[in-house]
$ cat query.csv   # CSV, C-alpha atoms
chain,number,residue,atom,x,y,z
A,1,MET,CA,11.8,19.2,-20.6
A,2,SER,CA,9.3,16.9,-22.3
A,3,ALA,CA,5.5,17.3,-22.1
A,4,LEU,CA,5.6,14.4,-19.6
A,5,THR,CA,7.1,16.5,-16.9
A,6,PRO,CA,4.3,19.0,-16.3
A,7,ILE,CA,1.7,16.3,-16.6
A,8,ALA,CA,3.5,14.2,-13.9
A,9,TRP,CA,3.7,17.2,-11.6
A,10,ILE,CA,0.0,18.0,-12.2
A,11,VAL,CA,-0.8,14.4,-11.3
A,12,ALA,CA,1.4,14.6,-8.2
A,13,GLY,CA,-0.1,17.9,-7.0
A,14,TYR,CA,-3.7,16.8,-7.6
A,15,ALA,CA,-3.0,13.5,-5.9
A,16,LEU,CA,-1.8,15.4,-2.8
A,17,LEU,CA,-5.0,17.5,-2.9
A,18,VAL,CA,-7.2,14.4,-3.0
A,19,ALA,CA,-5.1,12.8,-0.2
A,20,VAL,CA,-5.5,15.9,2.0
A,21,ALA,CA,-9.3,16.1,1.3
A,22,ALA,CA,-9.6,12.4,2.1
A,23,GLY,CA,-7.5,12.7,5.2
A,24,LEU,CA,-9.7,15.6,6.4
A,25,GLY,CA,-12.7,13.3,6.1
A,26,VAL,CA,-11.0,10.8,8.4
A,27,VAL,CA,-9.9,13.5,11.0
A,28,LEU,CA,-13.5,15.0,11.0
A,29,LYS,CA,-15.0,11.5,11.2
A,30,ALA,CA,-17.3,12.4,8.3
A,31,PRO,CA,-19.0,9.8,6.1
A,32,ARG,CA,-17.2,9.6,2.7
A,33,PRO,CA,-18.9,12.1,0.4
A,34,ARG,CA,-19.7,11.3,-3.2
A,35,TRP,CA,-17.5,14.1,-4.4
A,36,LEU,CA,-14.5,12.5,-3.0
A,37,ASP,CA,-15.1,9.5,-5.2
A,38,GLN,CA,-15.4,11.9,-8.2
A,39,LEU,CA,-12.1,13.6,-7.2
A,40,ALA,CA,-10.5,10.2,-7.1
A,41,TRP,CA,-11.8,9.2,-10.5
A,42,MET,CA,-10.5,12.5,-11.9
A,43,LEU,CA,-7.1,11.5,-10.5
A,44,GLU,CA,-7.5,8.2,-12.3
A,45,ILE,CA,-8.1,10.1,-15.6
A,46,LEU,CA,-5.1,12.3,-15.1
A,47,SER,CA,-3.0,9.2,-14.3
A,48,ALA,CA,-4.2,7.6,-17.5
A,49,VAL,CA,-3.2,10.7,-19.5
A,50,LEU,CA,0.3,10.5,-17.9
A,51,VAL,CA,0.6,6.8,-18.7
A,52,ALA,CA,-0.5,7.4,-22.3
A,53,GLY,CA,2.1,10.1,-22.6
A,54,ALA,CA,4.8,7.8,-21.1
A,55,LEU,CA,3.8,5.0,-23.5
A,56,GLY,CA,4.0,7.4,-26.4
A,57,SER,CA,7.5,8.4,-25.3
A,58,LEU,CA,8.5,4.7,-25.2
A,59,ALA,CA,7.0,4.2,-28.7
A,60,GLN,CA,9.1,7.1,-30.0
A,61,GLY,CA,12.2,5.1,-29.0
A,62,ASN,CA,13.1,6.6,-25.6
A,63,ARG,CA,14.4,3.7,-23.5
A,64,PRO,CA,14.6,4.0,-19.7
A,65,ASP,CA,17.5,2.5,-17.7
A,66,SER,CA,15.2,-0.1,-16.2
A,67,LEU,CA,12.3,-0.8,-18.6
A,68,SER,CA,10.6,-3.3,-16.3
A,69,THR,CA,10.7,-0.9,-13.4
A,70,HIS,CA,9.3,1.9,-15.5
A,71,LEU,CA,6.5,-0.3,-16.9
A,72,GLY,CA,5.7,-1.5,-13.4
A,73,TYR,CA,5.2,2.1,-12.3
A,74,LEU,CA,3.0,2.8,-15.3
A,75,ALA,CA,0.8,-0.2,-14.5
A,76,ALA,CA,0.5,0.7,-10.8
A,77,ALA,CA,-0.4,4.3,-11.7
A,78,VAL,CA,-3.7,3.3,-13.3
A,79,VAL,CA,-4.5,0.3,-11.1
A,80,ILE,CA,-4.3,1.6,-7.5
A,81,VAL,CA,-7.2,4.1,-7.5
A,82,PRO,CA,-9.8,1.8,-9.1
A,83,VAL,CA,-8.8,-1.0,-6.8
A,84,ALA,CA,-9.1,1.3,-3.7
A,85,LEU,CA,-12.5,2.6,-4.8
A,86,THR,CA,-13.8,-0.9,-5.5
A,87,THR,CA,-12.6,-2.1,-2.1
A,88,VAL,CA,-14.6,0.6,-0.2
A,89,ARG,CA,-17.5,0.6,-2.7
A,90,ASP,CA,-20.1,-0.5,-0.1
A,91,ASP,CA,-18.6,1.4,2.9
A,92,ARG,CA,-19.2,5.1,3.3
A,93,GLY,CA,-17.7,5.3,6.7
A,94,SER,CA,-15.0,7.9,7.5
A,95,TRP,CA,-12.2,5.3,7.5
A,96,SER,CA,-13.0,4.4,3.9
A,97,SER,CA,-11.7,8.0,3.1
A,98,GLY,CA,-8.4,6.9,4.6
A,99,VAL,CA,-8.1,4.2,1.9
A,100,ILE,CA,-8.7,6.8,-0.7
A,101,ALA,CA,-6.0,9.0,0.9
A,102,VAL,CA,-3.5,6.1,0.8
A,103,ALA,CA,-4.3,5.4,-2.8
A,104,ALA,CA,-4.0,9.0,-3.8
A,105,LEU,CA,-0.7,9.5,-2.0
A,106,ALA,CA,0.7,6.3,-3.6
A,107,THR,CA,-0.4,7.5,-7.1
A,108,GLY,CA,1.3,10.9,-6.5
A,109,VAL,CA,4.5,9.2,-5.5
A,110,ILE,CA,4.3,6.9,-8.5
A,111,ALA,CA,3.8,9.9,-10.9
A,112,VAL,CA,7.1,11.3,-9.6
A,113,ARG,CA,8.8,7.9,-9.9
A,114,ILE,CA,7.6,7.6,-13.5
A,115,LEU,CA,9.5,10.9,-14.1
A,116,MET,CA,12.6,9.6,-12.3
A,117,THR,CA,12.8,6.3,-14.1
A,118,ARG,CA,11.9,7.3,-17.7
B,1,MET,CA,-48.0,-21.9,1.9
B,2,SER,CA,-44.7,-20.6,3.0
B,3,GLU,CA,-42.4,-22.6,5.2
B,4,PRO,CA,-41.9,-21.3,8.7
B,5,THR,CA,-38.6,-19.4,8.9
B,6,THR,CA,-35.9,-20.8,11.1
B,7,SER,CA,-34.3,-18.5,13.6
B,8,PRO,CA,-30.6,-17.9,13.1
B,9,PRO,CA,-28.2,-19.9,15.3
B,10,THR,CA,-27.3,-18.3,18.6
B,11,THR,CA,-23.6,-18.6,18.1
B,12,ARG,CA,-22.9,-15.7,15.8
B,13,ARG,CA,-19.7,-15.2,13.9
B,14,PRO,CA,-17.7,-12.2,15.1
B,15,ALA,CA,-18.3,-9.0,13.3
B,16,THR,CA,-16.2,-8.7,10.2
B,17,GLY,CA,-15.3,-5.1,11.0
B,18,ARG,CA,-16.4,-3.5,7.7
B,19,SER,CA,-15.2,-0.1,8.7
B,20,GLY,CA,-12.4,1.1,11.0
B,21,PRO,CA,-8.7,2.0,11.1
B,22,HIS,CA,-7.8,-1.5,9.9
B,23,LEU,CA,-9.1,-0.5,6.4
B,24,VAL,CA,-6.2,2.0,6.1
B,25,LEU,CA,-3.7,-0.6,7.5
B,26,LEU,CA,-4.9,-3.1,4.9
B,27,ALA,CA,-4.6,-0.6,2.1
B,28,LEU,CA,-1.0,0.2,3.3
B,29,TYR,CA,-0.1,-3.5,3.5
B,30,ALA,CA,-1.6,-4.1,0.0
B,31,LEU,CA,0.5,-1.2,-1.3
B,32,PHE,CA,3.7,-2.7,0.2
B,33,ILE,CA,2.9,-6.2,-1.1
B,34,LEU,CA,2.8,-4.6,-4.5
B,35,ALA,CA,5.9,-2.4,-4.0
B,36,SER,CA,8.2,-4.8,-2.3
B,37,GLY,CA,6.9,-7.9,-4.2
B,38,SER,CA,7.4,-6.3,-7.7
B,39,ARG,CA,10.7,-4.8,-6.6
B,40,ALA,CA,12.0,-8.2,-5.4
B,41,ILE,CA,10.8,-10.0,-8.5
B,42,VAL,CA,12.5,-7.5,-10.9
B,43,GLN,CA,15.7,-7.4,-8.9
B,44,ILE,CA,16.0,-11.1,-8.5
B,45,ALA,CA,15.1,-11.7,-12.1
B,46,THR,CA,17.4,-9.1,-13.7
B,47,LYS,CA,20.4,-8.5,-11.4
B,48,PHE,CA,20.5,-11.1,-8.6
B,49,HIS,CA,24.3,-11.3,-8.6
B,50,VAL,CA,24.6,-7.6,-7.6
B,51,ALA,CA,23.2,-7.9,-4.1
B,52,PRO,CA,21.8,-11.3,-3.5
B,53,VAL,CA,21.3,-10.8,0.3
B,54,ALA,CA,19.5,-7.5,-0.1
B,55,TYR,CA,17.2,-8.8,-2.9
B,56,LEU,CA,16.4,-12.0,-1.0
B,57,LEU,CA,15.6,-9.9,2.0
B,58,SER,CA,13.3,-7.8,-0.1
B,59,ALA,CA,11.5,-11.0,-1.1
B,60,VAL,CA,11.2,-11.9,2.6
B,61,ALA,CA,9.8,-8.5,3.3
B,62,ALA,CA,7.2,-9.0,0.6
B,63,CYS,CA,6.2,-12.3,2.1
B,64,THR,CA,5.9,-10.7,5.5
B,65,TYR,CA,3.6,-8.1,4.1
B,66,VAL,CA,1.4,-10.8,2.6
B,67,ALA,CA,1.2,-12.5,6.0
B,68,GLY,CA,0.7,-9.1,7.7
B,69,TRP,CA,-2.3,-8.3,5.5
B,70,PHE,CA,-3.9,-11.6,6.4
B,71,ALA,CA,-3.1,-11.1,10.0
B,72,ILE,CA,-4.7,-7.7,10.1
B,73,ARG,CA,-7.8,-9.0,8.3
B,74,ARG,CA,-8.2,-11.9,10.8
B,75,ALA,CA,-7.7,-9.5,13.7
B,76,ALA,CA,-10.5,-7.3,12.3
B,77,GLN,CA,-12.7,-10.3,12.3
B,78,GLY,CA,-12.0,-10.9,16.0
B,79,ARG,CA,-9.1,-13.3,15.7
B,80,PRO,CA,-6.0,-11.3,16.7
B,81,ALA,CA,-3.6,-14.2,17.7
B,82,PHE,CA,-1.8,-14.4,14.4
B,83,ALA,CA,-1.5,-10.6,14.1
B,84,ARG,CA,0.0,-10.4,17.6
B,85,VAL,CA,2.8,-12.7,16.4
B,86,MET,CA,3.1,-11.4,12.9
B,87,LEU,CA,3.4,-7.7,13.7
B,88,TRP,CA,6.2,-8.3,16.2
B,89,VAL,CA,8.0,-10.5,13.6
B,90,GLU,CA,7.7,-7.7,11.0
B,91,LEU,CA,8.9,-5.1,13.5
B,92,GLY,CA,11.8,-7.3,14.4
B,93,GLY,CA,12.7,-7.8,10.7
B,94,VAL,CA,12.7,-4.0,10.1
B,95,VAL,CA,14.9,-3.4,13.2
B,96,VAL,CA,17.3,-6.2,12.6
B,97,ILE,CA,17.7,-5.7,8.8
B,98,GLY,CA,17.7,-1.9,9.2
B,99,THR,CA,20.6,-2.2,11.7
B,100,LEU,CA,22.5,-4.8,9.6
B,101,SER,CA,22.3,-2.5,6.6
B,102,LEU,CA,24.0,0.3,8.6
B,103,VAL,CA,26.5,-1.9,10.4
B,104,VAL,CA,27.5,-4.5,7.6
B,105,ARG,CA,27.4,-2.3,4.5
B,106,SER,CA,29.2,-5.0,2.4
B,107,TRP,CA,26.1,-7.2,2.6
B,108,PHE,CA,24.0,-4.5,1.0
B,109,PRO,CA,25.6,-3.2,-2.2
B,110,ASP,CA,22.1,-2.3,-3.2
B,111,ASP,CA,19.2,-1.4,-0.9
B,112,SER,CA,16.6,-3.9,0.3
B,113,VAL,CA,13.0,-2.8,1.3
B,114,TRP,CA,14.0,-2.6,5.0
B,115,SER,CA,17.5,-1.1,4.5
B,116,ASP,CA,18.0,1.9,6.8
B,117,TYR,CA,14.7,1.0,8.5
B,118,GLY,CA,12.8,1.6,5.2
B,119,LYS,CA,14.3,5.0,4.4
B,120,GLY,CA,13.6,4.4,0.7
B,121,TYR,CA,9.9,4.2,1.4
B,122,GLY,CA,9.8,7.2,3.8
B,123,TRP,CA,10.3,5.0,6.8
B,124,VAL,CA,6.7,3.7,6.4
B,125,PRO,CA,8.0,0.1,6.7
B,126,ALA,CA,9.1,0.9,10.3
B,127,ALA,CA,5.9,2.8,11.1
B,128,LEU,CA,3.6,0.1,9.7
B,129,PRO,CA,4.1,-2.7,12.3
B,130,ILE,CA,4.0,-0.1,15.1
B,131,LEU,CA,0.7,1.3,13.8
B,132,GLY,CA,-0.6,-2.2,13.6
B,133,LEU,CA,0.4,-3.0,17.1
B,134,LEU,CA,-1.2,0.2,18.4
B,135,TRP,CA,-4.4,-0.6,16.5
B,136,LEU,CA,-4.3,-4.1,18.0
B,137,HIS,CA,-3.9,-2.8,21.5
B,138,ARG,CA,-6.6,-0.2,21.2
B,139,SER,CA,-9.2,-2.2,19.2
B,140,PRO,CA,-11.9,-3.6,21.5
B,141,ARG,CA,-12.8,-6.3,19.0
B,142,ALA,CA,-9.2,-7.5,18.7
B,143,ALA,CA,-8.7,-7.3,22.5
B,144,ASP,CA,-11.8,-9.3,23.3
B,145,HIS,CA,-10.8,-12.4,21.4
B,146,GLY,CA,-7.9,-14.8,20.9
$ encode --input "query.csv" --output "structure tokens"
Amino acid sequence: MSALTPIAWIVAGYALLVAVAAGLGVVLKAPRPRWLDQLAWMLEILSAVLVAGALGSLAQGNRPDSLSTHLGYLAAAVVIVPVALTTVRDDRGSWSSGVIAVAALATGVIAVRILMTR
Amino acid sequence: MSEPTTSPPTTRRPATGRSGPHLVLLALYALFILASGSRAIVQIATKFHVAPVAYLLSAVAACTYVAGWFAIRRAAQGRPAFARVMLWVELGGVVVIGTLSLVVRSWFPDDSVWSDYGKGYGWVPAALPILGLLWLHRSPRAADHG
């Protein structure tokens, strides 16, 4: 098991946590709290660590079956959360938390897919 | 001396719907544009001969999601006519292609986005147009116009 595996599962688990917190915000119809943004940015940092590890693995000569697919997942892992946060930057309504939930869930799924395609 | 301010025109544009369930729908559509679009591009570019029908249908799905994203956005601005058509087209696509993938297996040596009704994506492709239609039905802004 490489070091990438625990990092990917940490990202996936943390992403699920962020998605649940954001989903609760929608269910409770609460305005999006600042700390949810901070949780999302923390997810972004974890994803960046995962991507850096995956790129390091590629640099060491490990070649996935489909390099283009793997690289696509790596790019998506670091792009989705910032795009989601930017989209709802001026909107603190409860439904904006739903956008964060979708982005977090997608990032978690992508973290697992990075493991599967490496 | 300051110029007298002119009053705004009485015919106002419909509200742009900054917040609401459509934000989540737009996020999901954007995600599926990314997922199905990049999938189709990679598959068509690298192994088109393996399953041409499936890969072309993935590209069609990606185009449908682009149109669906614009349709939801327009509906949130009070112009639901395009969404009323587009969401039914998308649902029809998922049902027809999902059924074909189960009945005519030889056409699908590899999966398309809508194979098995979107099983590869947790059946979200099948749920998405239904959620969109429900939103369209329940949204007062969408129901009042078009």
$ closest_atom_pairs --input "query.csv" --of "chain A" --to "chain B" --cutoff "10 Å" --atoms "all atoms listed in the file" --output "tab-separated table"
residue	atom	partner	partner_atom	distance
A:Val26	CA	B:Pro21	CA	9.5
A:Ser66	CA	B:Val42	CA	9.5
A:Ser68	CA	B:Val42	CA	7.1
A:Thr69	CA	B:Val42	CA	7.3
A:Gly72	CA	B:Ser38	CA	7.6
A:Tyr73	CA	B:Ala35	CA	9.5
A:Ala76	CA	B:Leu34	CA	8.5
A:Ile80	CA	B:Leu31	CA	8.3
A:Val83	CA	B:Ala27	CA	9.8
A:Ala84	CA	B:Ala27	CA	7.6
A:Thr87	CA	B:Ala27	CA	9.2
A:Val88	CA	B:Leu23	CA	8.7
A:Asp90	CA	B:Arg18	CA	9.1
A:Asp91	CA	B:Ser19	CA	6.9
A:Arg92	CA	B:Ser19	CA	8.5
A:Gly93	CA	B:Ser19	CA	6.3
A:Ser94	CA	B:Gly20	CA	8.1
A:Trp95	CA	B:Gly20	CA	5.5
A:Ser96	CA	B:Leu23	CA	6.7
A:Ser97	CA	B:Val24	CA	8.7
A:Gly98	CA	B:Val24	CA	5.6
A:Val99	CA	B:Val24	CA	5.1
A:Ile100	CA	B:Val24	CA	8.7
A:Ala101	CA	B:Val24	CA	8.7
A:Val102	CA	B:Leu28	CA	6.9
A:Ala103	CA	B:Ala27	CA	7.8
A:Ala106	CA	B:Leu31	CA	7.8
$ atom_distance --input "query.csv" --atom1 "atom CA of B:Ala126" --atom2 "atom CA of B:Arg105"
19.5 Å
$ residues_around --input "query.csv" --residues "A:His70" --least-positions-apart "3" --cutoff "10 Å" --atoms "all atoms listed in the file" --output "number ranges by chain"
A: 54, 63-67, 73-75, 110, 113-118
$ residues_around --input "query.csv" --residues "B:Thr99" --least-positions-apart "3" --cutoff "8 Å" --atoms "all atoms listed in the file" --output "list in words"
Val95, Val96, Leu102, Val103, Ser115, Asp116 and Tyr117 of chain B
$ atom_distance --input "query.csv" --atom1 "atom CA of B:Ser58" --atom2 "atom CA of B:Ser112"
5.1 Å
$ atom_distance --input "query.csv" --atom1 "atom CA of A:Val78" --atom2 "atom CA of A:Ser47"
6.0 Å
$ closest_residue --input "query.csv" --among "A:Ala77, A:Leu4, A:Ala40, A:Ala22" --to "A:Gly56" --atoms "all atoms listed in the file"
A:Leu4
$ closest_residue --input "query.csv" --among "B:Arg138, B:Gly132, B:Ser101, B:Ala51" --to "B:Ile72" --atoms "all atoms listed in the file"
B:Gly132
$ closest_residue --input "query.csv" --among "A:Leu46, A:Leu16, A:Ala3, A:Leu71" --to "A:Gly108" --atoms "all atoms listed in the file"
A:Leu16
$ residues_near_point --input "query.csv" --point "(-1.1, -2.7, 18.1)" --cutoff "12 Å" --atoms "all atoms listed in the file" --output "PyMOL selection string"
chain B and resi 21-22+25+71-72+75-76+80-81+83-88+91+127-140+142-143
$ closest_residue --input "query.csv" --among "A:Leu24, A:Leu105, A:Ala19, A:Val11" --to "A:Ile45" --atoms "all atoms listed in the file"
A:Val11
